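Reviewing the structure listed below.
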Protein chains: 2
Amino acid sequence: MGETATRRHGRASRRAFVEATGALLRRQGYAATGLSEIVAASGAPRGSLYFHFPGGKRELAVAAMEQTGEQLRAAIAALMAGPGGPAASLGVLIDALAAGLESSGYRDGCPIATVTLETASSVEPLRETAARVFGTWLEELERALREDGLDADAAARRALFVLSAIEGALILARARRDTAPLAAVRAELLAALA
Amino acid sequence: MGETATRRHGRASRRAFVEATGALLRRQGYAATGLSEIVAASGAPRGSLYFHFPGGKRELAVAAMEQTGEQLRAAIAALMAGPGGPAASLGVLIDALAAGLESSGYRDGCPIATVTLETASSVEPLRETAARVFGTWLEELERALREDGLDADAAARRALFVLSAIEGALILARARRDTAPLAAVRAELLAALA
DNA sequence: TCGTCGCTAGACCGATCGGTATAATAAGCC
DNA sequence: GGCTTATTATACCGATCGGTCTAGCGACGA
């Protein structure tokens with residue numbers, strides 16, 4: 001019973017698939033990412049793919065989106081709990097995103113945004129997953145804004161505004177290969193929140 | 001000399017390819033759009049594709065992005081020239097985008113954003129085209145903001161902020177299938193610009 | 001020791017991918 | 001009428017796509 005060696009090995013393969021998929025979704029999105037590419041990047045055996053993910057590519061993408069979504073949600077929560085109120089925390093968040101973009105040579109963006117734009121009109125489960133993940137991020141932002149004194153409606157509206165600005169800046173930054181859009185959003189957002 | 005009947009027909013085929021590609025890029029992006037799909041949607045003969053676009057899919061995508069980019073640039077310019085200053089004009093622009101999204105059942109988004117996220121790290125010509133098109137939009141916004149009294153730096157920063165917020169809201173709106181993100185951006189943006 | 005179960009090997013499937021080749025058609029010019 | 005040029009028809013290419021199949025491995029409980 002419990003974790004046998006075989007089982008541990010299996011879970012490791014599963015995890016490798018999910019992580020490889022997440023990384024590829026960040027760089028090139030859903031449609032451009034082939035199963036062979038995922039298998040190669042993961043190092044796990046191809047024969048195992050449909051054992052762990054009978055739903056195929058779709059199920060794999062959902063798992064990857066949920067994983068990176070949860071990581072980012074936790075990061076947001078941790079940052080917003082820091083000192084200085086929401087404005088200061090958002091500044092740190094945007095700086096971190098800019099640093100991540102730059103250090104990957106503008107290759108790694110937000111996987112949720114990419115998959116949304118590609119599949120919102122054709123692959124329902126992926127669109128639903130994207131909406132759910134965005135929802136968890138919005139909740140964290142809302143909570144911080146409410147704790148800062150905003151009422152529920154205002155907090156919800158402002159959270160949408162903040163996330164929109166950040167996601168949009170990530171697009172512009174990748175297109176131009178510079179962080180100016182993030183810097184602009186950072187500056188204007190902090191001014192608007194004051 | 002000049003426009004012969006054959007030539008006119010050829011140009012029509014070319015235009016049909018570009019328009020079909022543009023529509024498909026809006027819905028599903030670059031990688032998910034096949035050449036056969038483009039040919040079928042355009043109604044033009046497949047044999048003509050590589051006559052008009054020797055560069056293949058890439059060249060076709062560049063042409064489509066430039067065309068829809070120019071259309072949107074002109075629309076932005078016309079709106080910003082309207083009465084009431086930049087804030088009022090942006091309100092109208094965002095309303096128009098929301099109406100467009102809704103009327104297509106949240107299928108048609110911004111083709112430039114989608115292609116950017118998919119190809120920024122792998123297909124240079126498309127990334128460059130996206131950056132160029134975004135640049136033309138930013139120029140229009142900047143000009144309107146300068147005419148409203150902002151200095152060059154502030155106008156550039158604010159234009160980046162505005163475009164980021166709008167592009168991000170389009171993503172969230174498509175994921176959630178509602179226009180709340182656009183409404184939130186509209187409200188907060190107008191307040192920030194006042 | 002033997003059957004069972006979790007997992008993997010890897011060959012294989014039809015379909016579609018982006019792209020190319022060659023010949024025909026259609027119109028304009030002389 | 002012949003000659004050129006623009007455009008289209010269609011068959012075809014190898015590669016890759018997402019997905020499936022069956023045989024078997026290795027560790028476990030009884």
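All residue names refer to the structure tokens as shown: chains lettered A, B, ... in order, residues numbered from 1 in each chain, ligands numbered from 1 in order.
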
Mind listing as an NGL selection string which residues of chain D are within 8 Å of chain B, counting only C-alpha atoms (C1' of nucleotides)? :D and (6-10)

Would you save the residues from that selection as a compact mmCIF listing (two decimals), in the first residue's frame, using C-alpha atoms (C1' of nucleotides)?
# COMPACT_ATOMS: atom_id res chain seq x y z
C1' DA D 6 -0.74 36.82 -65.39
C1' DT D 7 -3.30 33.61 -63.12
C1' DT D 8 -5.18 29.09 -61.91
C1' DA D 9 -5.68 23.78 -61.68
C1' DT D 10 -4.34 19.81 -59.50

Neighbour list for D:DG19 as an MDAnalysis selection string, cut-off 10 Å, only C-alpha atoms (C1' of nucleotides), skip fewer than 6 positions in-chain: (chainID A and resid 35 50 54 56:57) or (chainID C and resid 13)

Kindly provide, as a tab-separated table (two decimals) with C-alpha atoms, in the first residue's frame, the residues of chain B having any atom no farther than 6 Å from an atom of chain A, counting only C-alpha atoms.
chain	number	residue	atom	x	y	z
B	28	GLN	CA	-7.64	31.14	-33.38
B	29	GLY	CA	-4.26	32.67	-34.01
B	31	ALA	CA	-0.45	28.12	-35.45
B	32	ALA	CA	-3.98	26.76	-35.36
B	107	ARG	CA	-14.89	34.74	-30.81
B	114	THR	CA	-2.73	36.61	-30.30
B	116	THR	CA	2.40	38.16	-30.61
B	117	LEU	CA	1.99	35.72	-27.78
B	118	GLU	CA	2.26	32.71	-30.07
B	121	SER	CA	9.79	33.77	-29.35
B	127	ARG	CA	6.93	39.65	-33.92
B	131	ALA	CA	5.56	45.61	-32.78
B	157	ARG	CA	3.88	56.62	-20.93
B	160	LEU	CA	1.40	52.56	-23.27
B	161	PHE	CA	-0.73	52.39	-20.17
B	164	SER	CA	-2.00	47.80	-22.18
B	165	ALA	CA	-5.17	48.09	-20.16
B	167	GLU	CA	-5.48	44.68	-24.61
B	168	GLY	CA	-5.49	43.01	-21.22
B	169	ALA	CA	-9.19	43.61	-20.79
B	175	ALA	CA	-11.79	34.11	-21.08
B	176	ARG	CA	-14.83	34.99	-19.00
B	181	PRO	CA	-13.21	43.73	-17.66
B	184	ALA	CA	-13.90	48.21	-15.38
B	185	VAL	CA	-11.03	49.45	-17.52
B	192	ALA	CA	-7.35	58.26	-13.99

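With distances restricted to only C-alpha atoms, A:Met80 is the closest residue to A:Arg146 from A:Pro125, A:Asp95, A:Met80, A:Thr179.
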
Using only C-alpha atoms (C1' of nucleotides), what table do you get, as a tab-separated table, when you list each residue of chain C with an atom no more than 8 Å from chain A, its nearest pair of atoms, and their distance in Å rounded to one decimal, rows by chain then rising number?
residue	atom	partner	partner_atom	distance
C:DG6	C1'	A:Thr6	CA	6.5
C:DC7	C1'	A:Gly10	CA	6.4
C:DT8	C1'	A:Gly47	CA	5.8
C:DA9	C1'	A:Gly47	CA	6.6
C:DG10	C1'	A:Gly47	CA	7.5

For the alpha helix (DSSP H) assignment from backbone DSSP, which residues of stretch 21-188 of chain A qualify? Please present them as a PyMOL selection string. chain A and resi 21-28+35-42+49-52+56-80+85-103+111-119+124-147+152-176+180-188
